[in-house]
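input.json (JSON, C-alpha atoms) appears below.
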```
[["chain", "number", "residue", "atom", "x", "y", "z"],
["A", 1, "MET", "CA", 31.16, 19.54, 16.34],
["A", 2, "ALA", "CA", 28.01, 20.63, 14.47],
["A", 3, "GLU", "CA", 25.87, 23.30, 16.07],
["A", 4, "LEU", "CA", 22.93, 21.86, 17.98],
["A", 5, "MET", "CA", 19.40, 22.42, 16.73],
["A", 6, "THR", "CA", 17.08, 24.55, 18.86],
["A", 7, "LEU", "CA", 13.42, 24.12, 19.79],
["A", 8, "SER", "CA", 11.45, 26.79, 21.65],
["A", 9, "VAL", "CA", 8.78, 25.80, 24.16],
["A", 10, "ARG", "CA", 6.64, 27.72, 26.65],
["A", 11, "PRO", "CA", 5.62, 26.71, 30.18],
["A", 12, "ARG", "CA", 1.87, 26.06, 30.48],
["A", 13, "ALA", "CA", -0.28, 26.47, 33.56],
["A", 14, "GLU", "CA", -3.47, 24.91, 32.21],
["A", 15, "LYS", "CA", -3.93, 21.15, 32.27],
["A", 16, "GLY", "CA", -6.66, 18.64, 31.47],
["A", 17, "LYS", "CA", -8.02, 16.94, 28.36],
["A", 18, "GLY", "CA", -10.14, 19.90, 27.33],
["A", 19, "THR", "CA", -7.17, 22.25, 27.42],
["A", 20, "CYS", "CA", -5.04, 19.77, 25.45],
["A", 21, "ARG", "CA", -7.73, 19.47, 22.77],
["A", 22, "ARG", "CA", -7.88, 23.24, 22.40],
["A", 23, "MET", "CA", -4.10, 23.40, 22.06],
["A", 24, "LEU", "CA", -4.05, 20.70, 19.40],
["A", 25, "ALA", "CA", -6.77, 22.54, 17.47],
["A", 26, "LYS", "CA", -4.34, 25.48, 17.28],
["A", 27, "ASP", "CA", -1.45, 23.24, 16.12],
["A", 28, "LEU", "CA", 0.13, 23.34, 19.58],
["A", 29, "VAL", "CA", 1.38, 20.20, 21.31],
["A", 30, "PRO", "CA", 1.28, 19.82, 25.12],
["A", 31, "GLY", "CA", 4.27, 18.19, 26.76],
["A", 32, "ILE", "CA", 6.38, 17.74, 29.87],
["A", 33, "TYR", "CA", 10.02, 18.68, 30.42],
["A", 34, "TYR", "CA", 11.79, 16.41, 32.94],
["A", 35, "ASN", "CA", 15.16, 17.34, 34.37],
["A", 36, "GLN", "CA", 17.67, 15.08, 36.10],
["A", 37, "GLN", "CA", 16.67, 16.38, 39.52],
["A", 38, "GLY", "CA", 13.18, 14.87, 39.16],
["A", 39, "GLN", "CA", 11.42, 18.16, 38.43],
["A", 40, "ASN", "CA", 8.79, 18.16, 35.70],
["A", 41, "ILE", "CA", 7.50, 21.28, 33.96],
["A", 42, "PRO", "CA", 4.36, 21.27, 31.78],
["A", 43, "VAL", "CA", 5.13, 22.94, 28.45],
["A", 44, "VAL", "CA", 3.55, 23.63, 25.08],
["A", 45, "VAL", "CA", 5.32, 23.66, 21.70],
["A", 46, "ASP", "CA", 4.39, 24.54, 18.13],
["A", 47, "MET", "CA", 3.56, 21.36, 16.21],
["A", 48, "LEU", "CA", 5.45, 22.03, 12.96],
["A", 49, "PRO", "CA", 8.91, 22.81, 14.48],
["A", 50, "LEU", "CA", 8.51, 19.83, 16.82],
["A", 51, "ALA", "CA", 7.68, 17.45, 13.95],
["A", 52, "LYS", "CA", 10.61, 18.73, 11.88],
["A", 53, "LEU", "CA", 13.07, 18.34, 14.76],
["A", 54, "HIS", "CA", 11.82, 14.84, 15.53],
["A", 55, "ARG", "CA", 12.18, 13.75, 11.90],
["A", 56, "LYS", "CA", 15.74, 15.08, 11.89],
["A", 57, "LEU", "CA", 16.98, 13.91, 15.30],
["A", 58, "GLY", "CA", 14.67, 11.13, 16.46],
["A", 59, "LYS", "CA", 14.84, 10.21, 20.14],
["A", 60, "SER", "CA", 18.61, 9.83, 20.53],
["A", 61, "ARG", "CA", 20.13, 13.14, 19.42],
["A", 62, "VAL", "CA", 20.62, 16.16, 21.68],
["A", 63, "PHE", "CA", 19.22, 19.64, 20.96],
["A", 64, "HIS", "CA", 18.77, 22.90, 22.84],
["A", 65, "LEU", "CA", 15.34, 23.32, 24.43],
["A", 66, "GLN", "CA", 14.75, 27.05, 24.87],
["A", 67, "MET", "CA", 12.35, 28.09, 27.62],
["A", 68, "ASP", "CA", 11.70, 30.98, 29.98],
["A", 69, "LEU", "CA", 12.07, 29.86, 33.59],
["A", 70, "ASP", "CA", 11.30, 32.33, 36.37],
["A", 71, "GLY", "CA", 11.59, 35.19, 33.89],
["A", 72, "LYS", "CA", 14.97, 34.04, 32.63],
["A", 73, "ALA", "CA", 15.65, 32.55, 29.19],
["A", 74, "GLU", "CA", 17.24, 29.11, 29.50],
["A", 75, "SER", "CA", 18.83, 26.88, 26.87],
["A", 76, "LEU", "CA", 18.57, 23.30, 28.13],
["A", 77, "PRO", "CA", 20.37, 20.35, 26.46],
["A", 78, "SER", "CA", 17.59, 17.81, 25.95],
["A", 79, "LEU", "CA", 16.31, 14.70, 24.20],
["A", 80, "ILE", "CA", 12.85, 13.83, 22.95],
["A", 81, "TRP", "CA", 12.10, 11.02, 25.38],
["A", 82, "ASP", "CA", 8.67, 10.03, 24.09],
["A", 83, "MET", "CA", 6.18, 11.19, 21.47],
["A", 84, "GLN", "CA", 2.52, 10.20, 21.23],
["A", 85, "TYR", "CA", 0.64, 10.43, 17.94],
["A", 86, "ASP", "CA", -2.96, 10.78, 16.82],
["A", 87, "PRO", "CA", -3.73, 7.32, 15.33],
["A", 88, "MET", "CA", -5.88, 8.84, 12.57],
["A", 89, "LYS", "CA", -3.85, 11.91, 11.59],
["A", 90, "SER", "CA", -0.33, 10.69, 12.49],
["A", 91, "THR", "CA", 0.35, 14.08, 14.10],
["A", 92, "PRO", "CA", 1.95, 14.48, 17.55],
["A", 93, "ILE", "CA", -0.48, 14.94, 20.44],
["A", 94, "HIS", "CA", 1.96, 14.83, 23.39],
["A", 95, "VAL", "CA", 5.72, 14.96, 23.89],
["A", 96, "ASP", "CA", 8.10, 14.27, 26.77],
["A", 97, "PHE", "CA", 11.44, 16.08, 26.87],
["A", 98, "TYR", "CA", 14.33, 14.93, 29.05],
["A", 99, "GLY", "CA", 17.08, 17.28, 30.17],
["A", 100, "VAL", "CA", 20.60, 15.86, 30.05],
["A", 101, "ASP", "CA", 24.00, 16.74, 31.50],
["A", 102, "LEU", "CA", 26.45, 16.94, 28.58],
["A", 103, "GLU", "CA", 29.23, 15.54, 30.80],
["A", 104, "ARG", "CA", 27.27, 12.50, 32.03],
["A", 105, "GLU", "CA", 26.72, 9.34, 30.03],
["A", 106, "ILE", "CA", 23.24, 8.33, 28.92],
["A", 107, "LYS", "CA", 21.75, 5.13, 27.55],
["A", 108, "VAL", "CA", 19.97, 5.38, 24.17],
["A", 109, "ASP", "CA", 18.89, 3.27, 21.21],
["A", 110, "VAL", "CA", 20.59, 4.01, 17.88],
["A", 111, "ARG", "CA", 19.40, 2.67, 14.52],
["A", 112, "VAL", "CA", 21.47, 0.14, 12.57],
["A", 113, "VAL", "CA", 22.34, 0.77, 8.92],
["A", 114, "VAL", "CA", 23.84, -2.02, 6.79],
["A", 115, "GLU", "CA", 26.26, -1.23, 3.96],
["A", 116, "GLY", "CA", 27.97, -3.41, 1.35],
["A", 117, "LYS", "CA", 27.04, -6.69, -0.34],
["A", 118, "ALA", "CA", 27.88, -9.72, 1.75],
["A", 119, "LYS", "CA", 29.95, -12.52, 0.20],
["A", 120, "GLY", "CA", 27.31, -14.96, 1.39],
["A", 121, "ILE", "CA", 24.65, -13.30, -0.76],
["A", 122, "ILE", "CA", 26.74, -13.94, -3.88],
["A", 123, "LEU", "CA", 26.72, -17.62, -2.84],
["A", 124, "GLY", "CA", 22.92, -17.61, -2.68],
["A", 125, "GLY", "CA", 22.32, -16.62, 0.93],
["A", 126, "LEU", "CA", 19.96, -14.04, 2.40],
["A", 127, "LEU", "CA", 21.04, -11.16, 4.60],
["A", 128, "GLU", "CA", 19.12, -11.11, 7.86],
["A", 129, "VAL", "CA", 19.15, -8.05, 10.15],
["A", 130, "PHE", "CA", 18.35, -9.33, 13.64],
["A", 131, "ARG", "CA", 18.48, -5.95, 15.40],
["A", 132, "GLU", "CA", 17.13, -2.73, 13.90],
["A", 133, "THR", "CA", 18.58, -0.67, 16.78],
["A", 134, "LEU", "CA", 21.37, -1.10, 19.32],
["A", 135, "GLU", "CA", 21.40, 0.17, 22.88],
["A", 136, "VAL", "CA", 24.55, 2.15, 23.62],
["A", 137, "ILE", "CA", 26.06, 4.23, 26.42],
["A", 138, "CYS", "CA", 27.93, 7.48, 25.77],
["A", 139, "LYS", "CA", 27.91, 11.18, 26.54],
["A", 140, "PRO", "CA", 25.00, 13.04, 24.92],
["A", 141, "LEU", "CA", 27.13, 14.82, 22.31],
["A", 142, "ASP", "CA", 28.77, 11.52, 21.30],
["A", 143, "VAL", "CA", 25.50, 9.80, 20.37],
["A", 144, "PRO", "CA", 25.88, 8.72, 16.73],
["A", 145, "GLU", "CA", 23.14, 9.40, 14.21],
["A", 146, "LYS", "CA", 23.37, 5.75, 13.13],
["A", 147, "ILE", "CA", 25.55, 2.69, 13.56],
["A", 148, "VAL", "CA", 26.91, 1.60, 10.17],
["A", 149, "ILE", "CA", 27.78, -2.07, 9.73],
["A", 150, "ASP", "CA", 29.79, -3.13, 6.66],
["A", 151, "VAL", "CA", 28.72, -6.68, 5.78],
["A", 152, "THR", "CA", 30.96, -7.09, 2.72],
["A", 153, "ASP", "CA", 33.09, -9.85, 4.30],
["A", 154, "LEU", "CA", 30.15, -11.72, 5.84],
["A", 155, "ASP", "CA", 30.06, -15.28, 4.49],
["A", 156, "LEU", "CA", 27.20, -17.72, 4.13],
["A", 157, "GLY", "CA", 26.10, -19.10, 7.49],
["A", 158, "VAL", "CA", 28.03, -16.47, 9.44],
["A", 159, "ASN", "CA", 26.62, -13.97, 11.94],
["A", 160, "LEU", "CA", 28.15, -10.72, 13.13],
["A", 161, "HIS", "CA", 27.77, -10.44, 16.90],
["A", 162, "ILE", "CA", 27.47, -7.34, 19.03],
["A", 163, "ASP", "CA", 31.02, -7.62, 20.37],
["A", 164, "GLU", "CA", 32.30, -7.45, 16.76],
["A", 165, "VAL", "CA", 30.43, -4.27, 15.82],
["A", 166, "LYS", "CA", 32.75, -1.30, 15.41],
["A", 167, "LEU", "CA", 31.40, 1.69, 17.32],
["A", 168, "PRO", "CA", 32.50, 5.34, 17.24],
["A", 169, "ALA", "CA", 34.97, 6.61, 19.84],
["A", 170, "GLY", "CA", 33.37, 7.12, 23.24],
["A", 171, "VAL", "CA", 30.44, 4.80, 22.47],
["A", 172, "ARG", "CA", 29.99, 1.31, 23.91],
["A", 173, "ALA", "CA", 27.22, -1.23, 23.46],
["A", 174, "VAL", "CA", 24.95, -2.46, 26.24],
["A", 175, "PHE", "CA", 24.54, -6.26, 26.35],
["A", 176, "ASP", "CA", 24.69, -9.29, 28.61],
["A", 177, "ASP", "CA", 24.51, -11.97, 25.92],
["A", 178, "ASN", "CA", 26.70, -11.70, 22.83],
["A", 179, "PHE", "CA", 23.74, -11.62, 20.45],
["A", 180, "ALA", "CA", 23.86, -11.65, 16.63],
["A", 181, "VAL", "CA", 23.15, -8.31, 14.95],
["A", 182, "VAL", "CA", 23.22, -9.36, 11.28],
["A", 183, "GLY", "CA", 23.91, -12.61, 9.47],
["A", 184, "VAL", "CA", 23.75, -14.40, 6.13],
["A", 185, "ILE", "CA", 21.46, -17.42, 6.18],
["A", 186, "ALA", "CA", 20.83, -20.10, 3.58],
["A", 187, "GLN", "CA", 17.59, -19.68, 1.65],
["A", 188, "GLU", "CA", 16.61, -23.22, 2.63],
["A", 189, "ALA", "CA", 16.76, -22.23, 6.30],
["A", 190, "GLU", "CA", 14.54, -19.22, 5.60],
["A", 191, "GLU", "CA", 12.02, -21.39, 3.78],
["A", 192, "GLU", "CA", 12.01, -23.96, 6.60],
["A", 193, "THR", "CA", 11.38, -21.19, 9.13],
["A", 194, "LYS", "CA", 8.42, -19.89, 7.15],
["A", 195, "ALA", "CA", 7.04, -23.42, 6.69],
["A", 196, "ALA", "CA", 7.20, -23.98, 10.44],
["A", 197, "GLU", "CA", 5.18, -20.85, 11.17],
["A", 198, "PRO", "CA", 1.47, -21.45, 11.85],
["A", 199, "ALA", "CA", -0.83, -20.45, 9.02],
["A", 200, "LYS", "CA", -2.58, -17.12, 9.54],
["A", 201, "LYS", "CA", -6.35, -17.31, 9.72]]
```
Rendering of file as structure tokens:
Amino acid sequence: MAELMTLSVRPRAEKGKGTCRRMLAKDLVPGIYYNQQGQNIPVVVDMLPLAKLHRKLGKSRVFHLQMDLDGKAESLPSLIWDMQYDPMKSTPIHVDFYGVDLEREIKVDVRVVVEGKAKGIILGGLLEVFRETLEVICKPLDVPEKIVIDVTDLDLGVNLHIDEVKLPAGVRAVFDDNFAVVGVIAQEAEEETKAAEPAKK
């Protein structure tokens, strides 16, 4: 198992929009750490390390959140639960961290990556990805970075459904309906779909 990344944060006592603006002006991002017991702790984190970690791990991978609690250094297995951005600068302006129990399963979204050239494309079809992410349940350390789907054997007019997707050990998909994840459609069907769409004004 690869060593988990680490992000250091500090508890913050000050709150309010004015305080948050001052923090952001110093390249600091205000946030909240939530644990599984319902406790929430206001924190502040340096913007650059936060942005780097988020680019690397996204919202589904576990890391160690380091923080001093009651004078004691703690290393808390966590996820980035939510991140808000400045619409003009595209920089983070608030972050929510969620503490996890490494022995308890969690529910997360994992991105889908398609590999291979489908047989149906060679016959003139178009590959359609119906789901960019899949919701899965697993223990925090078992969360995959991505779900790879090999579409090489996918024929024209055939869809691959969620119950056919091969998932890593310890990971299972969340679904009620057996929805299609990817498929190869005829170009005529794609053109008919576009023709049926109302014209944009």
- Residue contacts of A:Lys52 (12 Å, only C-alpha atoms) excluding same-chain residues fewer than 6 positions away, as a PyMOL selection string: chain A and resi 5-7+46+58+91-92
- Which residues come within 10 Å of A:Val165, counting only C-alpha atoms, excluding same-chain residues fewer than 2 positions away, as a VMD selection string? chain A and resid 147 to 150 160 to 163 167 to 168 172 to 173 180 to 182
- Which protein, DNA or RNA residues have an atom at most 12 Å from (24.4, -1.8, 2.2), counting only C-alpha atoms? List them as a list in words. Val112, Val113, Val114, Glu115, Gly116, Lys117, Ala118, Ile121, Leu127, Val129, Val148, Ile149, Asp150, Val151, Thr152 and Val182 of chain A
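Proximity ranking of A:Glu14, A:Gln39, A:Arg111, A:Leu4 relative to A:Leu65 places A:Leu4 first, based on only C-alpha atoms.
Shortest separation to A:Val100 among A:Arg131, A:Lys72, A:Lys119, A:Lys139 occurs at residue A:Lys139, atoms counted being only C-alpha atoms.
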- Report the distance between atom CA of A:Gly124 and atom CA of A:Lys166 in Å, rounded to one decimal place.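 The value is 26.3 Å.
The shortest atom-to-atom distance to A:Ile80, with only C-alpha atoms taken into account, belongs to A:Gly31 out of A:Gly31, A:Met67, A:Gly125, A:Glu135.
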- Message: Given all atoms listed in the file as the basis, pick out the residue of A:Leu24, A:Ala169, A:Val108, A:Leu123 nearest to A:Asp86.
- Response: A:Leu24
- Across A:Pro49, A:Pro140, A:Gly170, A:Gly120, the smallest distance to A:Pro77, with only C-alpha atoms counted, is shown by A:Pro140
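Rounded to one decimal, atom CA of A:Ile41 and atom CA of A:Gly18 lie 18.9 Å from each other.
Distances from A:Asn40, A:Gln66, A:Ser78, A:Ser60 to A:Lys146 were compared using all atoms listed in the file, and the smallest one belongs to A:Ser60.
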- Find the residues near A:Gln36: any atom within 9 Å, counting all atoms listed in the file, skip ones fewer than 5 places away on the same chain, and give them as a PyMOL selection string. chain A and resi 98-101
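When atom CA of A:Arg21 is paired with atom CA of A:Ile93, their separation reads 8.9 Å.
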- Excluding A:Leu28 and residues on its chain fewer than 6 positions from it, collect all residues at most 8 Å away from it, counting all atoms listed in the file, and give them as a VMD selection string. chain A and resid 44 to 47
